[in-house]
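Listing of run-v6.tsv, TSV, C-alpha atoms and all ligand atoms
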```
chain	number	residue	atom	x	y	z
R	289	MET	CA	33.90	-3.68	8.48
R	290	GLU	CA	30.72	-1.92	9.61
R	291	ARG	CA	29.96	-1.72	13.29
R	292	VAL	CA	27.44	-4.22	14.64
R	293	ALA	CA	24.13	-2.43	15.32
R	294	LEU	CA	23.09	-4.08	18.59
R	295	LEU	CA	19.46	-2.99	18.32
R	296	GLY	CA	18.93	-5.13	15.22
R	297	HIS	CA	20.01	-8.39	16.83
R	298	ARG	CA	18.76	-11.37	18.79
R	299	PRO	CA	21.32	-13.11	21.00
R	300	GLU	CA	22.04	-15.83	18.43
R	301	THR	CA	22.64	-13.39	15.57
R	302	LEU	CA	24.72	-11.09	17.79
R	303	VAL	CA	27.09	-13.93	18.70
R	304	ALA	CA	27.55	-14.66	14.98
R	305	ALA	CA	27.98	-11.00	13.98
R	306	LEU	CA	30.63	-10.43	16.65
R	307	ALA	CA	32.40	-13.67	15.73
R	308	GLU	CA	32.76	-12.35	12.15
R	309	ARG	CA	34.76	-9.52	13.66
R	310	GLY	CA	36.89	-11.86	15.74
R	311	VAL	CA	35.05	-11.05	18.99
R	312	VAL	CA	34.23	-13.96	21.28
R	313	CYS	CA	30.87	-13.51	23.00
R	314	SER	CA	28.90	-16.34	24.58
R	315	LEU	CA	25.14	-16.68	24.12
R	316	ARG	CA	24.69	-15.83	27.79
R	317	GLU	CA	26.73	-12.65	27.42
R	318	ALA	CA	24.81	-11.70	24.26
R	319	ARG	CA	21.55	-12.10	26.19
R	320	GLN	CA	22.89	-9.87	28.97
R	321	VAL	CA	24.01	-7.18	26.55
R	322	LEU	CA	20.76	-7.16	24.58
R	323	SER	CA	18.52	-7.35	27.65
R	324	ARG	CA	20.22	-4.29	28.98
R	325	VAL	CA	20.15	-2.19	25.83
R	326	ILE	CA	16.79	-3.36	24.37
R	327	SER	CA	14.62	-4.86	27.14
R	328	ASP	CA	15.74	-2.34	29.80
R	329	GLY	CA	16.37	0.51	27.36
R	330	ASN	CA	19.67	1.32	29.04
R	331	PRO	CA	21.86	3.65	26.99
R	332	ASP	CA	25.02	1.69	27.91
R	333	PRO	CA	24.95	-2.07	27.29
R	334	THR	CA	28.34	-2.85	28.84
R	335	PRO	CA	28.43	-2.69	32.66
R	336	ARG	CA	26.67	-6.00	33.19
R	337	VAL	CA	29.19	-7.90	31.11
R	338	SER	CA	31.97	-6.57	33.28
R	339	PRO	CA	34.40	-7.92	34.52
R	340	ARG	CA	34.93	-9.37	31.03
R	341	LYS	CA	36.93	-6.32	30.09
R	342	ALA	CA	37.84	-7.78	26.71
R	343	LEU	CA	34.19	-7.97	25.69
R	344	VAL	CA	33.45	-4.47	26.97
R	345	GLY	CA	36.35	-3.12	24.93
R	346	ALA	CA	35.32	-5.11	21.87
R	347	LEU	CA	31.75	-3.80	22.04
R	348	HIS	CA	32.99	-0.23	22.19
R	349	ALA	CA	35.31	-0.92	19.25
R	350	HIS	CA	32.99	-2.97	17.02
R	351	ALA	CA	29.38	-2.23	18.00
R	352	GLU	CA	27.01	0.71	18.22
R	353	TRP	CA	23.63	1.12	19.87
R	354	GLY	CA	22.45	4.64	19.07
R	355	ARG	CA	18.81	5.51	18.43
R	356	PRO	CA	17.40	7.89	15.81
R	357	GLU	CA	17.05	11.49	16.93
R	358	VAL	CA	13.52	12.66	17.82
R	359	LEU	CA	12.64	15.89	16.00
R	360	GLU	CA	9.03	16.21	17.13
R	361	ARG	CA	6.34	14.63	19.24
R	362	VAL	CA	2.88	15.59	18.04
R	363	PRO	CA	-0.03	14.50	20.24
R	364	ASP	CA	-3.53	14.40	18.79
R	365	GLY	CA	-6.24	16.56	20.28
R	366	GLU	CA	-8.02	13.63	21.90
R	367	GLY	CA	-5.04	12.20	23.78
R	368	LYS	CA	-5.22	8.91	21.87
R	369	SER	CA	-1.99	9.04	19.86
R	370	VAL	CA	1.38	10.73	19.63
R	371	ARG	CA	3.20	10.97	16.30
R	372	TYR	CA	6.98	10.89	16.59
R	373	LEU	CA	9.11	12.34	13.81
R	374	PHE	CA	12.65	10.92	13.72
R	375	ARG	CA	15.78	11.94	11.87
R	376	LEU	CA	17.95	8.98	10.88
R	377	ASP	CA	21.74	9.12	10.61
R	378	ASP	CA	21.69	10.15	6.95
R	379	GLY	CA	19.12	12.89	7.60
R	380	ALA	CA	16.11	10.90	6.31
R	381	LEU	CA	12.86	11.55	8.19
R	382	VAL	CA	10.50	8.84	9.32
R	383	GLU	CA	7.66	8.43	11.79
R	384	ALA	CA	6.32	6.13	14.46
R	385	VAL	CA	2.99	6.57	16.23
R	386	ARG	CA	2.08	5.59	19.79
R	387	ILE	CA	-1.57	4.57	19.95
R	388	GLY	CA	-3.62	3.98	23.08
R	389	LEU	CA	-5.49	0.67	23.19
R	390	LEU	CA	-8.95	0.08	24.60
R	391	LYS	CA	-7.40	-1.61	27.64
R	392	GLU	CA	-6.50	1.15	30.07
R	393	GLY	CA	-2.76	1.82	30.30
R	394	CYS	CA	-1.87	-0.31	27.26
R	395	PHE	CA	-0.40	0.99	24.03
R	396	THR	CA	0.79	-0.20	20.65
R	397	VAL	CA	3.42	1.39	18.44
R	398	CYS	CA	2.88	1.83	14.70
R	399	LEU	CA	6.27	1.45	13.05
R	400	SER	CA	7.69	2.54	9.70
R	401	SER	CA	9.66	0.04	7.64
R	402	GLN	CA	10.89	2.33	4.86
R	403	VAL	CA	11.52	6.02	4.22
R	404	GLY	CA	8.62	6.76	1.88
R	405	CYS	CA	7.10	3.95	-0.15
R	406	ALA	CA	7.28	2.63	-3.71
R	407	MET	CA	3.77	1.19	-3.84
R	408	LYS	CA	2.01	4.43	-4.85
R	409	CYS	CA	-1.40	3.53	-3.40
R	410	ASP	CA	-3.71	6.19	-4.76
R	411	PHE	CA	-5.16	7.12	-1.37
R	412	CYS	CA	-1.91	7.36	0.62
R	413	ALA	CA	0.36	10.33	1.33
R	414	THR	CA	3.38	8.07	1.93
R	415	GLY	CA	2.95	6.63	-1.55
R	416	ARG	CA	3.22	10.13	-3.01
R	417	LEU	CA	6.65	10.54	-1.40
R	418	GLY	CA	8.14	7.70	-3.44
R	419	LEU	CA	10.73	5.42	-1.89
R	420	THR	CA	13.96	6.84	-0.49
R	421	ARG	CA	15.34	3.74	1.20
R	422	ASN	CA	14.70	0.81	3.50
R	423	LEU	CA	15.07	1.05	7.26
R	424	SER	CA	17.44	-1.40	8.92
R	425	ALA	CA	16.15	-3.62	11.69
R	426	ALA	CA	18.21	-1.57	14.15
R	427	GLU	CA	16.61	1.69	12.97
R	428	ILE	CA	13.13	0.17	13.31
R	429	ILE	CA	13.90	-1.04	16.84
R	430	GLY	CA	15.48	2.33	17.69
R	431	THR	CA	12.23	4.14	16.88
R	432	PHE	CA	10.26	1.55	18.85
R	433	LEU	CA	12.43	1.88	21.95
R	434	THR	CA	12.23	5.65	21.99
R	435	VAL	CA	8.44	5.55	21.85
R	436	ARG	CA	8.20	2.69	24.36
R	437	ASP	CA	10.49	4.35	26.88
R	438	GLU	CA	8.37	7.52	26.89
R	439	THR	CA	5.05	5.71	27.15
R	440	PRO	CA	2.97	6.41	30.27
R	441	GLY	CA	1.92	2.78	30.57
R	442	ARG	CA	2.78	-0.54	28.91
R	443	VAL	CA	3.53	-1.07	25.25
R	444	THR	CA	1.94	-4.44	24.57
R	445	GLY	CA	1.96	-4.49	20.77
R	446	ALA	CA	3.61	-3.30	17.59
R	447	VAL	CA	2.17	-2.87	14.10
R	448	PHE	CA	4.12	-2.39	10.88
R	449	MET	CA	1.72	0.08	9.29
R	450	GLY	CA	3.72	3.29	9.21
R	451	GLN	CA	5.70	4.57	6.25
R	452	GLY	CA	6.55	1.87	3.73
R	453	GLU	CA	5.39	-1.51	2.53
R	454	PRO	CA	6.82	-3.95	5.11
R	455	PHE	CA	7.10	-6.81	2.63
R	456	HIS	CA	9.17	-4.61	0.30
R	457	ASN	CA	11.77	-4.70	3.11
R	458	TYR	CA	11.01	-8.28	4.18
R	459	GLU	CA	14.33	-9.32	5.75
R	460	ALA	CA	14.70	-6.28	8.00
R	461	VAL	CA	11.04	-6.30	9.05
R	462	ILE	CA	11.07	-9.98	10.00
R	463	GLN	CA	14.38	-9.48	11.81
R	464	ALA	CA	12.91	-6.50	13.71
R	465	ALA	CA	9.76	-8.49	14.55
R	466	GLN	CA	11.94	-11.27	15.94
R	467	VAL	CA	13.86	-8.77	18.08
R	468	LEU	CA	10.55	-7.36	19.31
R	469	ARG	CA	9.34	-10.73	20.55
R	470	ASP	CA	12.68	-11.97	21.95
R	471	PRO	CA	12.94	-12.35	25.77
R	472	ALA	CA	16.22	-10.41	25.51
R	473	GLY	CA	14.57	-7.88	23.17
R	474	GLY	CA	11.22	-6.11	23.13
R	475	ARG	CA	9.37	-8.85	25.03
R	476	ILE	CA	6.20	-8.31	22.97
R	477	ALA	CA	3.95	-11.35	22.50
R	478	GLN	CA	4.26	-12.63	18.92
R	479	GLU	CA	0.46	-12.54	18.47
R	480	ALA	CA	0.59	-8.82	19.27
R	481	ILE	CA	3.08	-8.07	16.47
R	482	THR	CA	1.24	-7.30	13.24
R	483	ILE	CA	2.73	-6.94	9.78
R	484	SER	CA	0.60	-5.44	7.05
R	485	THR	CA	1.02	-5.66	3.29
R	486	VAL	CA	-0.86	-4.35	0.29
R	487	GLY	CA	-0.47	-7.76	-1.29
R	488	ARG	CA	3.09	-8.63	-2.34
R	489	VAL	CA	2.44	-12.19	-3.37
R	490	ARG	CA	6.00	-13.51	-3.33
R	491	GLU	CA	6.58	-12.38	0.26
R	492	ILE	CA	3.14	-13.54	1.42
R	493	ARG	CA	4.08	-17.00	0.14
R	494	ARG	CA	7.46	-16.77	1.83
R	495	PHE	CA	5.82	-15.70	5.11
R	496	ALA	CA	3.58	-18.77	4.91
R	497	ALA	CA	6.41	-21.14	3.93
R	498	GLU	CA	8.57	-19.89	6.80
R	499	ARG	CA	5.63	-20.23	9.17
R	500	GLN	CA	6.33	-16.86	10.66
R	501	PRO	CA	4.45	-16.55	13.94
R	502	PHE	CA	3.39	-12.93	13.52
R	503	LYS	CA	-0.03	-11.64	12.64
R	504	LEU	CA	-0.52	-10.70	8.99
R	505	ILE	CA	-2.97	-8.16	7.60
R	506	VAL	CA	-3.42	-8.02	3.85
R	507	SER	CA	-4.99	-4.89	2.46
R	508	LEU	CA	-7.40	-5.78	-0.34
R	509	THR	CA	-9.47	-2.60	-0.80
R	510	SER	CA	-10.98	-3.90	-4.03
R	511	MET	CA	-11.72	-7.31	-5.53
R	512	ILE	CA	-12.39	-5.87	-8.99
R	513	PRO	CA	-9.08	-6.24	-10.89
R	514	ALA	CA	-9.11	-2.95	-12.84
R	515	ARG	CA	-10.17	-0.94	-9.78
R	516	ARG	CA	-7.66	-2.58	-7.50
R	517	GLU	CA	-4.87	-1.94	-10.01
R	518	ARG	CA	-5.84	1.73	-10.09
R	519	LEU	CA	-6.10	2.12	-6.32
R	520	VAL	CA	-3.20	-0.18	-5.41
R	521	PRO	CA	-0.79	-0.16	-8.38
R	522	VAL	CA	1.35	-2.97	-6.95
R	523	ALA	CA	-1.63	-5.13	-7.77
R	524	GLY	CA	-0.70	-4.86	-11.44
R	525	ALA	CA	2.36	-7.00	-10.76
R	526	ALA	CA	0.32	-9.52	-8.81
R	527	PRO	CA	-3.08	-10.36	-10.29
R	528	LEU	CA	-5.88	-11.00	-7.80
R	529	PRO	CA	-6.14	-14.75	-8.43
R	530	GLU	CA	-2.46	-15.12	-7.47
R	531	LEU	CA	-3.00	-13.03	-4.36
R	532	VAL	CA	-5.99	-15.15	-3.37
R	533	ASP	CA	-3.93	-18.32	-3.87
R	534	ALA	CA	-1.23	-16.87	-1.60
R	535	LEU	CA	-3.88	-16.05	1.02
R	536	ARG	CA	-5.06	-19.64	0.92
R	537	GLU	CA	-1.47	-20.76	1.56
R	538	VAL	CA	-1.29	-18.51	4.64
R	539	ALA	CA	-4.64	-19.80	5.85
R	540	ALA	CA	-3.49	-23.39	5.37
R	541	VAL	CA	-0.51	-23.02	7.71
R	542	GLY	CA	-1.84	-20.39	10.11
R	543	LYS	CA	-4.09	-20.59	13.10
R	544	GLY	CA	-7.48	-18.95	12.99
R	545	ARG	CA	-8.76	-16.64	10.34
R	546	LEU	CA	-6.91	-14.18	8.14
R	547	THR	CA	-7.37	-10.47	8.55
R	548	LEU	CA	-8.06	-8.55	5.36
R	549	ALA	CA	-8.25	-4.76	5.29
R	550	TRP	CA	-10.57	-2.64	3.19
R	551	VAL	CA	-9.92	1.09	2.88
R	552	VAL	CA	-13.45	2.40	2.41
R	553	ILE	CA	-13.63	5.05	-0.33
R	554	ARG	CA	-16.75	6.91	-1.40
R	555	GLY	CA	-17.87	6.09	-4.92
R	556	GLU	CA	-15.20	3.42	-5.35
R	557	ASN	CA	-15.43	0.19	-3.43
R	558	THR	CA	-18.71	-0.06	-1.54
R	559	GLY	CA	-20.88	-1.38	-4.37
R	560	ASP	CA	-22.58	-4.73	-4.72
R	561	ASP	CA	-20.03	-5.65	-7.43
R	562	GLU	CA	-17.30	-5.72	-4.76
R	563	ILE	CA	-19.42	-7.76	-2.36
R	564	GLU	CA	-20.18	-10.31	-5.04
R	565	ALA	CA	-16.48	-10.49	-6.02
R	566	LEU	CA	-15.59	-11.07	-2.35
R	567	ARG	CA	-18.26	-13.75	-2.04
R	568	VAL	CA	-17.11	-15.66	-5.09
R	569	GLY	CA	-13.37	-14.99	-4.96
R	570	LEU	CA	-12.82	-15.72	-1.27
R	571	ALA	CA	-15.29	-18.58	-0.89
R	572	GLY	CA	-14.05	-21.06	1.69
R	573	LEU	CA	-11.30	-18.76	3.01
R	574	PRO	CA	-11.51	-18.13	6.78
R	575	TYR	CA	-11.15	-14.36	7.15
R	576	GLN	CA	-12.41	-11.24	8.81
R	577	LEU	CA	-12.72	-7.94	7.00
R	578	ASN	CA	-11.45	-4.79	8.70
R	579	LEU	CA	-13.00	-1.59	7.36
R	580	ILE	CA	-10.77	1.49	7.56
R	581	ASP	CA	-11.84	5.03	6.65
R	582	VAL	CA	-9.79	6.54	3.86
R	583	ASN	CA	-7.63	9.45	5.05
R	584	ASP	CA	-6.76	11.47	1.99
R	585	ASN	CA	-5.63	15.03	2.69
R	586	ARG	CA	-5.87	16.21	-0.95
R	587	ALA	CA	-8.80	18.50	-1.73
R	588	ASP	CA	-9.40	16.59	-4.96
R	589	GLY	CA	-8.53	13.22	-3.44
R	590	HIS	CA	-10.64	10.34	-2.20
R	591	HIS	CA	-13.44	10.94	0.28
R	592	ARG	CA	-14.87	9.02	3.18
R	593	VAL	CA	-18.35	7.62	3.05
R	594	SER	CA	-20.97	9.01	5.43
R	595	GLU	CA	-21.99	7.05	8.53
R	596	VAL	CA	-25.27	6.17	6.80
R	597	GLU	CA	-23.45	4.87	3.72
R	598	LEU	CA	-21.05	2.91	5.90
R	599	SER	CA	-23.87	1.28	7.86
R	600	ASP	CA	-25.54	0.34	4.61
R	601	PHE	CA	-22.28	-1.18	3.30
R	602	ILE	CA	-21.79	-3.16	6.52
R	603	GLU	CA	-25.33	-4.45	6.29
R	604	ARG	CA	-24.86	-5.62	2.70
R	605	LEU	CA	-21.53	-7.25	3.64
R	606	GLN	CA	-23.38	-9.57	6.04
R	607	VAL	CA	-24.11	-11.84	3.09
R	608	LEU	CA	-20.45	-12.92	3.30
R	609	LYS	CA	-21.07	-14.44	6.73
R	610	VAL	CA	-17.61	-13.36	7.97
R	611	PRO	CA	-16.80	-10.96	10.82
R	612	ILE	CA	-16.86	-7.34	9.66
R	613	VAL	CA	-14.83	-5.11	11.98
R	614	ARG	CA	-14.79	-1.35	11.80
R	615	ARG	CA	-11.33	0.04	12.60
R	616	TYR	CA	-10.94	3.63	13.69
R	617	SER	CA	-7.84	5.64	12.78
R	618	VAL	CA	-6.62	8.14	15.34
R	619	GLY	CA	-4.69	11.34	14.71
R	620	ARG	CA	-6.36	12.44	11.48
R	621	ASP	CA	-5.96	16.13	12.33
R	622	GLU	CA	-2.25	15.71	13.09
R	623	ASN	CA	-1.38	13.66	9.95
R	624	SER	CA	-0.82	10.60	12.16
R	625	ALA	CA	-3.62	8.43	10.83
R	626	CYS	CA	-3.42	5.52	8.40
R	627	GLY	CA	-2.37	6.73	4.96
R	628	MET	CA	-1.18	10.15	6.19
R	629	LEU	CA	2.42	9.56	7.26
R	630	ALA	CA	4.65	11.71	5.09
R	631	ALA	CA	7.29	12.99	7.52
R	632	THR	CA	5.34	16.24	7.90
R	633	ARG	CA	6.56	18.77	10.47
R	634	ALA	CA	3.81	20.03	12.78
R	635	GLY	CA	2.00	22.91	11.14
R	636	ALA	CA	3.59	22.28	7.73
R	637	THR	CA	1.62	21.56	4.57
R	638	PRO	CA	1.36	17.82	4.03
R	639	VAL	CA	2.36	16.11	0.76
R	640	ARG	CA	-0.60	16.32	-1.64
K	701	LIG	S1	-0.81	2.35	1.84
K	701	LIG	FE1	1.09	1.39	2.58
K	701	LIG	S2	1.88	0.33	0.77
K	701	LIG	FE2	0.37	1.80	0.01
K	701	LIG	S3	1.59	3.65	-0.51
K	701	LIG	FE3	0.86	3.86	1.62
K	701	LIG	S4	2.54	3.12	2.89
K	701	LIG	FE4	2.87	2.33	0.80
```
Spit out the file's structure as C-alpha cells when you get a sec.
Ligand code: SF4
Amino acid sequence: MERVALLGHRPETLVAALAERGVVCSLREARQVLSRVISDGNPDPTPRVSPRKALVGALHAHAEWGRPEVLERVPDGEGKSVRYLFRLDDGALVEAVRIGLLKEGCFTVCLSSQVGCAMKCDFCATGRLGLTRNLSAAEIIGTFLTVRDETPGRVTGAVFMGQGEPFHNYEAVIQAAQVLRDPAGGRIAQEAITISTVGRVREIRRFAAERQPFKLIVSLTSMIPARRERLVPVAGAAPLPELVDALREVAAVGKGRLTLAWVVIRGENTGDDEIEALRVGLAGLPYQLNLIDVNDNRADGHHRVSEVELSDFIERLQVLKVPIVRRYSVGRDENSACGMLAATRAGATPVR
C-alpha cells in the first residue's frame, strides 16, 4: 500500500487513511500531527504525538511528508512577485508564484494544479506544453508551504491559476483547498481561496451542487461562439449556452456576484459584438468582469491593446452596468505572469 501523504489530508481524512493501514489515530492526534507539519511547517510531525510511541512508529512506517524540491526562485524586477520552480518526485517541473497584495505585508500564492495543461488556450504558454499529469493534493500543498514559509510577511490567500486547469483535476484541487482552509492546515480564509476555470461545465455544476465555499473565477474571454472556440478550445466541448446555464446555477447557490475573467486581446475580443453578446447572454446574472492583459511571449502571437484602446473598451463596457475591474499581472519579464507559466528556467527560452 502507498504511504499516506500527510500534506494532502485534513484530520478527518487522515484518520480514515491511517485506519485503512491498520493504524489507530484519534481525531485529536490527527489534528496535532497536521497542525505541526502543515500549520507550523515543521519538517517532523511526530514529537507532539509522543509519548504515543506506537503512533510515532506507525507514521514513520506508513506516512510521508516531504515537499517538492525547489530548483529556482526568480524574483521580478519590481519586487512584486517571486516565481518558484519545483521538481516533483518523478522529475516533472511545476511552478508557484508568490504575489504581493496591496495590503502591506500580505501575500497570496498562485498554485499549479497540473504539470502542463490539456486545454490548449491559444494565448497561453502552459497550454502549448500539453498535459503531463495531475498534481496530487499533497504536491499542491507542498509547493504552497515552501512558498509560505519563505514569505517575508503573511500569506493570506491562495489562487489556483498556475499551470493547469484546476477543474480538470477537480478532486485533488478541492481536497487541497480544504486543507488550505482547515484550522489544522493552511489556516487561509475560505473567501481568500480562489479557483479559476476556463469553463468546464460539468465541474462548474458539481462545484455549485456541492456548495463549495471557495471563490470561483470563470474565464470567458469571448461570448462569440466561434471566437471562443478558437481562443479557448475546451469551449468546443461545452457550448456557451450550457456554460451560461452553469453560471446561473453557481449564482443561484452562491453569495454575491460571480467573477468572470476576460483576457483582453488586440483585434479579437474588444469589439461591440462582444459587448452586445455579454449584454444579451448574461442578462440578469450578477457578475463582475475582470479584465486581464494577454501575456503571449510568441513574436507572432496575440498582442495587448494600448492603454487608449483599453480605456475605450472599458468605457463601452459601462453599458453592461456591472463592475469592470482591471487586473494587473506581475512578473511579465520573468515568465511569471498569467498565461506564461511553462516551467522555464531563468534565462532559458520560453515555450513558443
Ligand atoms: S489559460 Fe489555463 S486552462 Fe488555458 S491553457 Fe493556460 S493553464 Fe490551461
### Message
Taking all atoms listed in the file into account, list the residues no farther than 9 Å from ligand LIG 701 (chain K), as number ranges by chain.
### Response
R: 400, 402, 404-419, 449-454, 456, 484-487, 507, 520-522, 626-629
With C-alpha atoms retained, could you export that selection as a PDB file, in the coordinates of the input?
```pdb
ATOM      1  CA  SER R 400       7.690   2.540   9.700  1.00  0.00           C
ATOM      2  CA  GLN R 402      10.890   2.330   4.860  1.00  0.00           C
ATOM      3  CA  GLY R 404       8.620   6.760   1.880  1.00  0.00           C
ATOM      4  CA  CYS R 405       7.100   3.950  -0.150  1.00  0.00           C
ATOM      5  CA  ALA R 406       7.280   2.630  -3.710  1.00  0.00           C
ATOM      6  CA  MET R 407       3.770   1.190  -3.840  1.00  0.00           C
ATOM      7  CA  LYS R 408       2.010   4.430  -4.850  1.00  0.00           C
ATOM      8  CA  CYS R 409      -1.400   3.530  -3.400  1.00  0.00           C
ATOM      9  CA  ASP R 410      -3.710   6.190  -4.760  1.00  0.00           C
ATOM     10  CA  PHE R 411      -5.160   7.120  -1.370  1.00  0.00           C
ATOM     11  CA  CYS R 412      -1.910   7.360   0.620  1.00  0.00           C
ATOM     12  CA  ALA R 413       0.360  10.330   1.330  1.00  0.00           C
ATOM     13  CA  THR R 414       3.380   8.070   1.930  1.00  0.00           C
ATOM     14  CA  GLY R 415       2.950   6.630  -1.550  1.00  0.00           C
ATOM     15  CA  ARG R 416       3.220  10.130  -3.010  1.00  0.00           C
ATOM     16  CA  LEU R 417       6.650  10.540  -1.400  1.00  0.00           C
ATOM     17  CA  GLY R 418       8.140   7.700  -3.440  1.00  0.00           C
ATOM     18  CA  LEU R 419      10.730   5.420  -1.890  1.00  0.00           C
ATOM     19  CA  MET R 449       1.720   0.080   9.290  1.00  0.00           C
ATOM     20  CA  GLY R 450       3.720   3.290   9.210  1.00  0.00           C
ATOM     21  CA  GLN R 451       5.700   4.570   6.250  1.00  0.00           C
ATOM     22  CA  GLY R 452       6.550   1.870   3.730  1.00  0.00           C
ATOM     23  CA  GLU R 453       5.390  -1.510   2.530  1.00  0.00           C
ATOM     24  CA  PRO R 454       6.820  -3.950   5.110  1.00  0.00           C
ATOM     25  CA  HIS R 456       9.170  -4.610   0.300  1.00  0.00           C
ATOM     26  CA  SER R 484       0.600  -5.440   7.050  1.00  0.00           C
ATOM     27  CA  THR R 485       1.020  -5.660   3.290  1.00  0.00           C
ATOM     28  CA  VAL R 486      -0.860  -4.350   0.290  1.00  0.00           C
ATOM     29  CA  GLY R 487      -0.470  -7.760  -1.290  1.00  0.00           C
ATOM     30  CA  SER R 507      -4.990  -4.890   2.460  1.00  0.00           C
ATOM     31  CA  VAL R 520      -3.200  -0.180  -5.410  1.00  0.00           C
ATOM     32  CA  PRO R 521      -0.790  -0.160  -8.380  1.00  0.00           C
ATOM     33  CA  VAL R 522       1.350  -2.970  -6.950  1.00  0.00           C
ATOM     34  CA  CYS R 626      -3.420   5.520   8.400  1.00  0.00           C
ATOM     35  CA  GLY R 627      -2.370   6.730   4.960  1.00  0.00           C
ATOM     36  CA  MET R 628      -1.180  10.150   6.190  1.00  0.00           C
ATOM     37  CA  LEU R 629       2.420   9.560   7.260  1.00  0.00           C
TER      38      LEU R 629
END
```
### Query
Between atom CA of R:Arg386 and atom CA of R:Ile505, what is the distance, to one decimal in Å?
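A separation of 19.1 Å between them.
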#### Entry: Counting all atoms listed in the file, the residue of R:Arg298, R:Arg499, R:Arg567, R:Arg518 that sits nearest R:Gly542
R:Arg499
### Query
Which of these, R:Ile512, R:Val362, R:Ala446, R:Ala293, has the shortest distance to R:Glu562 once you count only C-alpha atoms?
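For R:Glu562, the nearest of the candidates is R:Ile512.
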### Near-R:Gly388 list (7 Å; all atoms listed in the file; drop same-chain fewer than 6 positions) as an MDAnalysis selection string
chainID R and resid 368:369 394:396
### Message
Need to verify the contact set: R:Asp377, 12 Å, all atoms listed in the file, exclusion of same-chain residues closer than 4 positions in sequence. Can you return it as a list in words?
### Response
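Using all atoms listed in the file, the neighbours found are Gly354, Arg355, Pro356, Glu357, Val358, Leu381, Val382, Leu423, Ser424, Ala426, Glu427 and Gly430 of chain R.
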### Task
For stretch 304-312 of chain R, work out the shell of residues within 12 Å, counting only C-alpha atoms and skipping chain neighbours fewer than 4 positions away, then give it as a list in words.
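Skipping anything fewer than 4 positions along the chain leaves Met289, Glu290, Arg291, Val292, Ala293, Leu294, Gly296, His297, Arg298, Pro299, Glu300, Arg316, Glu317, Ala318, Arg340, Lys341, Ala342, Leu343, Val344, Gly345, Ala346, Leu347, His348, Ala349, His350, Ala351 and Glu352 of chain R.
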Centre and edges of the stretch 592-601 of chain R box, axis-aligned, 3 Å extra per side, as JSON:
```
{"center_x": -20.2, "center_y": 3.9, "center_z": 5.8, "size_x": 16.7, "size_y": 16.2, "size_z": 11.5}
```
### Nearest candidate to R:Val506 (options R:Thr334, R:Thr420, R:Arg493, R:Leu548; using only C-alpha atoms)
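Using only C-alpha atoms, the shortest distance to R:Val506 belongs to R:Leu548.
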### Task
Compare R:Thr509, R:Asn583, R:Gln576, R:Thr301 by their minimum atom-to-atom distance to R:Thr558, counting all atoms listed in the file, and give me the closest one.
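Result for the nearest residue to R:Thr558: R:Thr509.
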### Message
The residues within 7 Å of (-0.4, -8.2, 20.4), using all atoms listed in the file and the coordinates of the file, should be reported as a list in words; which are they?
### Response
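Residues with an atom close enough to that point: Thr444, Gly445, Ala446, Ala477, Gln478, Glu479, Ala480 and Ile481 of chain R.
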### Message
Env of R:Val568: 10 Å cut, atoms = only C-alpha atoms, seq-sep filter 4 positions within chain, self excluded. Answer as a list in words.
### Response
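Once the adjacent positions are removed, what remains is Met511, Glu562, Ile563, Glu564, Gly572 and Leu608 of chain R.
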### Message
For a quick check of understanding, using only C-alpha atoms, which of R:Ile326, R:Leu389, R:Val397, R:Val303 has the smallest distance to R:Asp470?
### Response
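Among R:Ile326, R:Leu389, R:Val397, R:Val303, it is R:Ile326 that comes nearest to R:Asp470.
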Within 9 Å of stretch 598-602 of chain R: each stretch 456-567 of chain R residue with its shortest pair, only C-alpha atoms, as CSV:
```
residue,atom,partner,partner_atom,distance
R:Val552,CA,R:Leu598,CA,8.4
R:Thr558,CA,R:Phe601,CA,6.1
R:Gly559,CA,R:Phe601,CA,7.8
R:Asp560,CA,R:Phe601,CA,8.8
```
### Query
Of the residues R:Pro501, R:Pro440, R:Gly365, R:Gly555, which is the one nearest to R:Ile462, using only C-alpha atoms?
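Counting only C-alpha atoms, the residue closest to R:Ile462 is R:Pro501.
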### Query
How many Å lie between atom CA of R:Leu573 and atom CA of R:Arg536, rounded to one decimal?
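About the pair atom CA of R:Leu573 and atom CA of R:Arg536: they are 6.6 Å apart.
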### Task
Take atom CA of R:Ser617 and atom CA of R:Arg516 and report the distance between them in Å, one decimal.
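So the answer is 21.9 Å.
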### Task
Give as a list in words the set of residues within 6 Å of the point (0.0, -7.7, 13.3), where distances use the file's coordinates and only C-alpha atoms.
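Answer for this query, in the requested form: Val447, Ile481, Thr482, Ile483, Lys503 and Leu504 of chain R.
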Got a minute to add N, CA and C atoms to stretch 497-504 of chain R and dump it as a compact mmCIF listing (two decimals), in the frame of the given file?
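After the write, result-v2.txt holds the following:
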```txt
# COMPACT_ATOMS: atom_id res chain seq x y z
N ALA R 497 5.47 -20.01 3.98
CA ALA R 497 6.41 -21.14 3.93
C ALA R 497 7.32 -21.16 5.15
N GLU R 498 7.69 -19.97 5.62
CA GLU R 498 8.57 -19.89 6.80
C GLU R 498 7.80 -20.05 8.11
N ARG R 499 6.50 -20.12 7.99
CA ARG R 499 5.63 -20.23 9.17
C ARG R 499 5.96 -19.17 10.21
N GLN R 500 6.06 -17.96 9.73
CA GLN R 500 6.33 -16.86 10.66
C GLN R 500 5.18 -16.75 11.65
N PRO R 501 5.49 -16.50 12.91
CA PRO R 501 4.45 -16.55 13.94
C PRO R 501 3.67 -15.24 14.12
N PHE R 502 4.00 -14.24 13.30
CA PHE R 502 3.39 -12.93 13.52
C PHE R 502 2.05 -12.82 12.81
N LYS R 503 1.28 -11.83 13.24
CA LYS R 503 -0.03 -11.64 12.64
C LYS R 503 0.12 -10.89 11.31
N LEU R 504 -0.62 -11.33 10.32
CA LEU R 504 -0.52 -10.70 8.99
C LEU R 504 -1.85 -10.04 8.64
```
